[in-house]
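Novice: You'll find work-v8.pdb just under this line, and it carries PDB, C-alpha atoms.
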ATOM      1  CA  SER A   1       1.230   9.646 -12.068
ATOM      2  CA  PHE A   2       4.868   9.575 -13.054
ATOM      3  CA  LEU A   3       5.074   5.794 -12.572
ATOM      4  CA  THR A   4       2.213   5.017 -14.938
ATOM      5  CA  LYS A   5       3.426   7.505 -17.571
ATOM      6  CA  ASN A   6       7.057   6.326 -17.415
ATOM      7  CA  PRO A   7       7.085   2.609 -16.460
ATOM      8  CA  LEU A   8      10.530   2.030 -18.009
ATOM      9  CA  PHE A   9      12.070   4.585 -15.640
ATOM     10  CA  PHE A  10      11.754   2.044 -12.812
ATOM     11  CA  ALA A  11      12.533  -1.110 -14.831
ATOM     12  CA  GLY A  12      14.543  -3.365 -12.510
ATOM     13  CA  LYS A  13      14.269  -0.902  -9.621
ATOM     14  CA  ARG A  14      12.379  -1.241  -6.358
ATOM     15  CA  LEU A  15      10.719   1.442  -4.246
ATOM     16  CA  ALA A  16       9.893   0.635  -0.633
ATOM     17  CA  PRO A  17       6.293   1.341   0.356
ATOM     18  CA  SER A  18       5.126   4.114   2.652
ATOM     19  CA  VAL A  19       2.922   2.622   5.377
ATOM     20  CA  PHE A  20       0.362   4.538   7.412
ATOM     21  CA  LEU A  21      -1.549   2.917  10.281
ATOM     22  CA  LEU A  22      -4.718   4.637  11.493
ATOM     23  CA  PRO A  23      -6.107   4.001  14.983
ATOM     24  CA  PRO A  24      -9.641   2.710  15.592
ATOM     25  CA  PRO A  25     -12.465   5.242  15.315
ATOM     26  CA  GLN A  26     -13.199   7.010  18.619
ATOM     27  CA  GLU A  27     -16.623   5.385  18.964
ATOM     28  CA  GLU A  28     -14.971   1.940  18.865
ATOM     29  CA  SER A  29     -12.279   2.917  21.362
ATOM     30  CA  ALA A  30     -14.809   4.313  23.831
ATOM     31  CA  ALA A  31     -16.966   1.154  23.867
ATOM     32  CA  SER A  32     -16.027  -2.129  25.506
ATOM     33  CA  ARG A  33     -15.631  -4.334  22.459
ATOM     34  CA  PRO A  34     -13.771  -7.596  21.932
ATOM     35  CA  SER A  35     -12.256  -6.277  18.692
ATOM     36  CA  LEU A  36     -11.306  -2.977  17.069
ATOM     37  CA  SER A  37     -10.867  -1.793  13.483
ATOM     38  CA  LEU A  38      -7.437  -0.748  12.252
ATOM     39  CA  THR A  39      -6.747   0.731   8.841
ATOM     40  CA  CYS A  40      -3.436   0.378   7.050
ATOM     41  CA  TYR A  41      -2.605   2.384   3.926
ATOM     42  CA  VAL A  42       0.309   1.160   1.815
ATOM     43  CA  ARG A  43       1.390   3.316  -1.113
ATOM     44  CA  GLY A  44       4.265   4.552  -3.247
ATOM     45  CA  PHE A  45       5.853   1.157  -3.933
ATOM     46  CA  TYR A  46       7.240  -0.462  -7.063
ATOM     47  CA  PRO A  47       6.850  -3.073  -8.503
ATOM     48  CA  GLU A  48       3.080  -2.976  -8.191
ATOM     49  CA  ALA A  49       2.532  -6.419  -6.588
ATOM     50  CA  ILE A  50       2.753  -6.432  -2.778
ATOM     51  CA  ASP A  51       1.828  -8.765   0.072
ATOM     52  CA  VAL A  52       0.351  -7.121   3.189
ATOM     53  CA  GLN A  53      -0.241  -9.079   6.392
ATOM     54  CA  TRP A  54      -1.342  -8.273   9.917
ATOM     55  CA  LEU A  55       1.066  -9.622  12.550
ATOM     56  CA  LYS A  56       0.843  -9.975  16.313
ATOM     57  CA  GLY A  57       4.417 -10.203  17.501
ATOM     58  CA  GLN A  58       6.047 -12.275  14.767
ATOM     59  CA  GLU A  59       2.942 -14.408  14.062
ATOM     60  CA  SER A  60       0.492 -13.822  11.210
ATOM     61  CA  ILE A  61      -3.062 -13.271  12.472
ATOM     62  CA  SER A  62      -5.331 -15.856  10.879
ATOM     63  CA  GLY A  63      -8.700 -14.507   9.745
ATOM     64  CA  ALA A  64      -7.389 -10.952   9.468
ATOM     65  CA  ASN A  65      -7.959  -9.160   6.172
ATOM     66  CA  SER A  66      -4.758  -9.570   4.228
ATOM     67  CA  GLY A  67      -3.878 -10.386   0.690
ATOM     68  CA  ASP A  68      -1.788 -10.096  -2.382
ATOM     69  CA  PHE A  69      -2.577  -6.769  -4.026
ATOM     70  CA  GLY A  70      -1.373  -6.038  -7.482
TER      71      GLY A  70
END
Could you write out this file's structure as structure tokens?

Specialist:
Amino acid sequence: SFLTKNPLFFAGKRLAPSVFLLPPPQEESAASRPSLSLTCYVRGFYPEAIDVQWLKGQESISGANSGDFG
């Protein structure tokens, strides 16, 4: 990609991520389940390190898959 071929182009710059949230699969939505799967894609950001968290309201959801990717 352009970013990996030209890392100095973005030196000192920041690019906000694009975030895409996918709904639960239909088979999960149709069944009565206590929990559902959500998928979040985060891409197109710079610098490469990013922290992604699941929130309910303004509170971080403990036990949810989150982390520091980079």

Novice: Return as a VMD selection string the set of residues that the PyMOL selection byres ((chain A and resi 43) around 9) yields on the displayed structure.

Specialist: chain A and resid 16 to 20 41 to 42 44 to 45

Novice: Enter the distance from CA of Pro23 in chain A to CA of Tyr46 in chain A, in Å, rounded to one decimal.

Specialist: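 Computing it gives 26.2 Å between the two atoms.
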
Novice: Measuring between all atoms listed in the file, which one of A:Leu15, A:Leu22, A:Glu27, A:Ser35 shows the shortest distance to Ala49 in chain A?

Specialist: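 That would be A:Leu15, the residue with the smallest distance to Ala49 in chain A.
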
Novice: Figure out the distance between CA of Leu36 in chain A and CA of Lys56 in chain A, please, to one decimal in Å.

Specialist: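 Separation of CA of Lys56 in chain A and CA of Leu36 in chain A: 14.0 Å.
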
Novice: Please measure the separation of CA of Gln26 in chain A and CA of Cys40 in chain A, giving the value in Å to one decimal.

Specialist: 16.5 Å

Novice: Taking all atoms of range 21-34 of chain A that appear in the file, build a box with edges along x, y and z, extend it by 5 Å on every side, and state its centre and edge lengths in Å to one decimal, as lines of an AutoDock Vina configuration file.

Specialist:
center_x = -9.3
center_y = -0.3
center_z = 17.9
size_x = 25.4
size_y = 24.6
size_z = 25.2

Novice: Would you please work out which residue, of A:Glu59, A:Arg14, A:Gln53, A:Ala64, is nearest to Ser37 in chain A when using all atoms listed in the file?

Specialist: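 Checking each of A:Glu59, A:Arg14, A:Gln53, A:Ala64 against Ser37 in chain A, counting all atoms listed in the file, the winner is A:Ala64.
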
Novice: Can you pull out the residues contacting Trp54 in chain A? Cut-off 12 Å, using all atoms listed in the file, and skip same-chain residues under 3 positions away; I want them as an MDAnalysis selection string.

Specialist: chainID A and resid 21 38:40 51 57:67
